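Presented below is the structure to which this report refers.
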Amino acid sequence: MQKFKIKKYIDNSNVSRFRFWIQLLSFFIFVYGGYFFIEIGSRLPMFSCPYVQGSPGGCYLIGVQHELNTTWSSIFSPRGISILKSLGIFLIFFLFLNKAWCGYVCPLGTLQDWITRLRKSLGFSFVRYGEVRFKKLKVIKYLILFLLILIPLAINNSFFGAPKLPHGMHTPFCQICPARIILPLFNGDTSQIFVDFTDRSTIIMTSLGLIVAAIFFVGSFVKKRFFCFFCPMSALQFLFSKIGFLRLIKDGDKCTRCGNCSRVCDVGITAIADDILSKNIVKDDCMMCFKCVEACPEEGALKVKVVSFDLFSATEEGFFKRYGQDKDYEGPKK
Amino acid sequence: MNKILQNVTFIVFLLFGLQAISQETIWLSNSPPDAMKKEVKASGMHRYSSLISKKRGGKTKGDSKTKKSKYQKNATDSTSKKDQKSEKKKGESSYKRPSTKYAHWLREGSSIKDSKYVSLADSTDYQLIMMSPEGKSESIELVKDKASYAKFELNEEGYHNAYLIIKKGLGDTLHINISKAELLSHSCRNGHHKKLEARPVRYYPEISEFEVIRQRHPYEDYHFFTSSGDTETFKTILDGEALEGVKVTINTEKGWSRTLMTDKNGEINTEFIQDYFSNWKELNTRKIYYYMLQADYTLKKDIHYNGKDYKYIHYTVTMSDGYRPSKTMYTSMFWGLIIFLITTLVSVIGVFIYKERRKRPYKEVRFNESNK
Amino acid sequence: MHTITDNDRYNRLKKTSTIHYNMEVNQVLAEIIDDFPHQLAGMEYFYNKFRPVEEGKSLYPKDKKLIASMCIHVPVEIIHALDATAVRICSGAYSADAAGSDFLPAKICPMVKSTLGAIYLDMLPGNANPDLIINPTTCDQKKKIGELDEEIGKEFYVLEVPPSKDSEEARQYWHRSVKKMVKKIEKVTGNRLTRRKLKKSIKMISRAQAEFRRFMRLRKNAPVIYGKDAQLVTNAYFFDDIIEWTKNLSILNDELEERIKQKATVVGPRAPRILLTGSPSIFPNMRTPILVEKLGGVVVYEEFCSSSRMLSDSVAVDEWFLYDMVPAVADRYLKPSTCPNFTPNDDRIRKILLAMKDYKVDGVVYQTFTGCQLYDMESRQIGQKLEKAGYPVLNVELDYNPKDSGQLTTRLEAFMESIKDNKRKK
């Protein structure tokens, strides 16, 4: 009976509020944790940027760019095992929370959520991508991921006889990443706001970084989780998302396609509502915030599972507690 | 008559003193002699140069990243036979691959410009020691060549200290020349673990009684490299205690030098003046300008060495490092802010226009009106 | 010479129709209440709701405007948020059907004729006098009524509903349509739509839906309430005050929970559990459920727009501002809708199959009104899919004419017998 009560408590809970506090805690840990000698690891599956002084670890993407910044002969030698080893460490971190790293832990994601709160409190409306634009823009994150793997390799090796890229592009994604410029500001460090005039490539890359940071602010203000749509870490995570331990499962038979889930989705995924055949409903943009499960009024249509153990399901009771029932009414008990 | 005697004595002493001063000051330098330039890949950031090995892919953990060097074809294998055998590192597979050798060359002289590459005479009594960041002794050997150099490997991450101690008796003074080098082994690809751990600088009174160290900046990490315009603090230490009143001379590749006396904490603060002003097209941000630091101190102490008695010990400690052009030369926060603000403004206006346009009924389907 | 003016004709028609209507209502109520054992105390409120109202009296508050709707696709939350009363005037009265036939061809859906007649003769439930009638362009017959507004003498507002619900264009079209409707109602009522009022309205309707879901959950178990009673409950939602309705449904639910504990069912365990679907049974046209239950079965689920479809699917809002609330409300009325007026309508068969499983249904009775093309056309597909899944389906065609019951009874009887046989064999 105790287990049943706990499950009921979880199913009725307000996950969004819980998520707010976890995000706050994670932001504190990953932006200031280094000052308290917290050390977590250097192949983290989200933007725990090493340019931040107080960071307790490092983002995996900077590791990828450094490791691939070498010749083919090095990669295919036993030294290349270190690339696989760091991928392995990344996977060990990643598999536990699956894409919930994006929704609950990533400091850049938390920042975007705070900007969204600001927008809400000011009363501005948001922007949503239409279907056609959604499909077209989705491709960008894969392109960025591809480039961030390709460019360090092209600096050291010549592809099909083409000239090697200049050394100034050594960590191409870090140079354009808004986290590098924005997150250190929380440590009082403005040193990343600069244009590097060393050579042409650094001028372009650092300027691009500043442009991206400016667009980040404006975009996050009008669209919820603007940057997450273009994030290469999200694309990388999606490649392994099917084997994660934390899962989002949909039972298509119970779905009425009412669209509540895609309406509340920050990223704007319509497939949660429209796809009634897939079981694993985590798409490449999904950040596993579970707002969709909160908004679903059909019992058991969406479930959060840890492998096969039900953690949090959509229930009628939970839905009405969170959305519908208002204590103003002289309605009798539920 | 007395005056002449005085003058002569003075001159003799001067000569004597000059001779004492002009005793060979040997220091360990990172830059290779021209003859060896082709076999060496200088990596100024880490304060050592690596000898290019003929075998491919041979790098151990903790090494710098290398590019495929076009000098590789011409590399002469200057490694001795016994180094060809690889060593098993703990935790790694038993694949035998050659490890990287690094080198520092011996130079003699008190100014960088005039220092020559020397080779140590066979009769010279020397000690060559390398200490790891954990304080353990590591292997280092002196290769006697036309330009001798110390050859070593770096297997741990952190600052390693190399000491070349040459003792020479002259008159009643024992001259001890300690050439020190501080080497940093770090590679970003292995992650950044103890970035903010305030590691105290290591010094080893048991190896050398007199030593000079560069004080670390607060929150300094392994990516630090002196830039021109920075102020560095050096401290002299005798028998583990700070030593006041030591004359420290710093002279740079560019030609300027400075002499300071240590204060009661044994420290001197010296600013590396901004002396690199180049047209930004010719700017080379990777160019490292070397400096050499020399500290002299004479101690009145009775010591017995090599069968002789000496009344004085004259210590000379040398350390060489470099500085880079400062970031202010080639980065601009002003331009950065301008770009940021302009982009923000343009995007805000863009979003506003988009929202206004959406209020009108849209006519998004467009047809091709050409007659065909 | 006493010439018979139009006005005279109208008054006479109204008088006779009213008498017939009252007779009809009383007769059906008598059948529902008296012909069955097992009276539920909670149903008293709902029975009384349907008793004919005295002429001149109205069930609705006089200080509010009354907006009538002809379909479940009209977003009721918005009407309530603008301080107006919402009444759904779809009519099941045969007496009004005759009147409506004057304006429409013979082979038209009787519900549409009846509704038109009721509007014309002011015989709307609770003596409603609508200030505006919202006519959504859903089924063909309903669509065309709007053109008769001058003849009927009432103001119709055409709410444009897209014929498909899957495409992005349809959704955008529907959002704009709803926004236009909001503007129209604002003009009629003279109020402005505000955040607070719409939020309150959404929550009020959500509350009602929660209570209804509880009601349906209770019907999943042993049958403690007849389908005829359940349909009266949902039919009362058309015109009742929502808060009162919710309160009384809650009381009824409590009583049902008691009965479940005491195992006081209304039929035996072997009674065939029937699912009704198709053209909606609206009071007083309750022949099908009454007949099914008189023949020993029990209706456990109705997939009608007068029943479960009206009260399922709740609104979820992300940001409680009008720019999100109004589209959220609009979406709720479009996306999960299983009305056959949308094409394709796969959601309906999925819903029915899910209900078959959840409510342990034995057989389906699919009723179509004469002239209702949409339900008629879907009956074939749905019938095939249900039969493939192994469930028996009975297709019946109905009219509002009460004298048509003979054939219906025979067919239902045969159907129920075959189900009972199958159950016994199992």
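Letters A, B, ... go to the chains of the structure tokens in the order shown; residues in each chain start at 1; ligands are counted from 1 in the same order.
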Pick out the chain C residues within 6 Å of chain A. Count only C-alpha atoms. Give them as an mmCIF file with N, CA and C atoms, in the first residue's frame.
```
data_model
loop_
_atom_site.group_PDB
_atom_site.id
_atom_site.type_symbol
_atom_site.label_atom_id
_atom_site.label_comp_id
_atom_site.auth_asym_id
_atom_site.auth_seq_id
_atom_site.Cartn_x
_atom_site.Cartn_y
_atom_site.Cartn_z
ATOM 1 N N LYS C 203 -11.233 26.615 -16.035
ATOM 2 C CA LYS C 203 -11.158 25.748 -14.864
ATOM 3 C C LYS C 203 -12.524 25.218 -14.469
ATOM 4 N N SER C 206 -13.256 22.451 -16.803
ATOM 5 C CA SER C 206 -12.336 21.361 -16.487
ATOM 6 C C SER C 206 -12.839 20.585 -15.288
ATOM 7 N N ARG C 207 -13.345 21.325 -14.336
ATOM 8 C CA ARG C 207 -13.891 20.713 -13.127
ATOM 9 C C ARG C 207 -15.045 19.794 -13.484
ATOM 10 N N LYS C 247 -21.912 19.956 -9.266
ATOM 11 C CA LYS C 247 -22.178 19.630 -7.872
ATOM 12 C C LYS C 247 -23.090 18.419 -7.760
ATOM 13 N N ALA C 316 -5.313 22.129 -21.826
ATOM 14 C CA ALA C 316 -4.075 22.378 -21.079
ATOM 15 C C ALA C 316 -3.438 23.619 -21.654
ATOM 16 N N ASP C 318 -0.187 26.429 -21.590
ATOM 17 C CA ASP C 318 1.200 26.585 -21.152
ATOM 18 C C ASP C 318 1.404 27.919 -20.445
ATOM 19 N N LYS C 335 -8.745 19.223 -32.384
ATOM 20 C CA LYS C 335 -7.811 18.119 -32.586
ATOM 21 C C LYS C 335 -8.302 16.756 -32.119
ATOM 22 N N PRO C 336 -8.865 16.645 -30.915
ATOM 23 C CA PRO C 336 -9.279 15.298 -30.522
ATOM 24 C C PRO C 336 -10.685 14.944 -30.967
#
```
(request) Could you tell me, as a PyMOL selection string, which residues of range 187-410 of chain C DSSP assigns to strand (DSSP E or B) when given the backbone? (result) chain C and resi 273-278+298-303+363-369+393-398
(request) Return the single residue from C:Lys200, C:Lys420, C:Arg273, C:Arg51 that is closest to Met23 in chain C, with distances computed using only C-alpha atoms. (result) C:Arg51
(request) Please provide the set of residues having any atom within 7 Å of Gly41 in chain A, restricted to only C-alpha atoms, with same-chain residues fewer than 3 positions apart removed, written as number ranges by chain. (result) A: 44, 57-58
Pull the closest atom pair for each residue of chain C that gets at most 12 Å from chain B, along with the distance in Å to one decimal, counting only C-alpha atoms, ordering rows by chain and then ascending residue number, as a Markdown table.
```
| residue | atom | partner | partner_atom | distance |
| --- | --- | --- | --- | --- |
| C:Glu169 | CA | B:Glu364 | CA | 11.5 |
| C:Gln172 | CA | B:Tyr362 | CA | 11.4 |
| C:Tyr173 | CA | B:Pro361 | CA | 11.0 |
| C:Arg176 | CA | B:Pro361 | CA | 10.1 |
```
(request) Could you list the residues in chain A lying within 6 Å of chain B, using only C-alpha atoms, and format the result as a list of chain:residue names? (result) A:Ser42, A:Gly63, A:His66, A:Glu67, A:Ser74, A:Ile193, A:Phe194, A:Val195, A:Asp196, A:Phe197, A:Thr198, A:Leu210, A:Ile211, A:Ala214
(request) Run DSSP on the backbone and grab whatever in range 95-336 of chain B lands in alpha helix (DSSP H); send it over as a ChimeraX atom specification. (result) /B:327-330,333-336
(request) Write out as a PyMOL selection string the residues lying within 8 Å of Glu211 in chain B, counting only C-alpha atoms and excluding same-chain residues fewer than 2 positions away. (result) chain B and resi 178+203+205+208-209+213+236-238+317
Next, write the just-selected residues to a file, as an mmCIF file, in the first residue's frame, keeping C-alpha atoms as the atom set.
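And here's selection_7.cif as it stands now:
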```cif
data_model
loop_
_atom_site.group_PDB
_atom_site.id
_atom_site.type_symbol
_atom_site.label_atom_id
_atom_site.label_comp_id
_atom_site.auth_asym_id
_atom_site.auth_seq_id
_atom_site.Cartn_x
_atom_site.Cartn_y
_atom_site.Cartn_z
ATOM 1 C CA ILE B 178 72.457 25.805 -10.844
ATOM 2 C CA TYR B 203 61.359 23.586 -4.549
ATOM 3 C CA PRO B 205 66.439 22.303 -0.828
ATOM 4 C CA SER B 208 69.995 22.697 -4.385
ATOM 5 C CA GLU B 209 70.300 24.929 -1.353
ATOM 6 C CA ILE B 213 60.971 30.051 -8.172
ATOM 7 C CA THR B 236 64.828 33.355 -4.008
ATOM 8 C CA ILE B 237 65.192 30.623 -1.461
ATOM 9 C CA LEU B 238 68.173 29.509 0.551
ATOM 10 C CA VAL B 317 70.920 30.232 -10.280
#
```
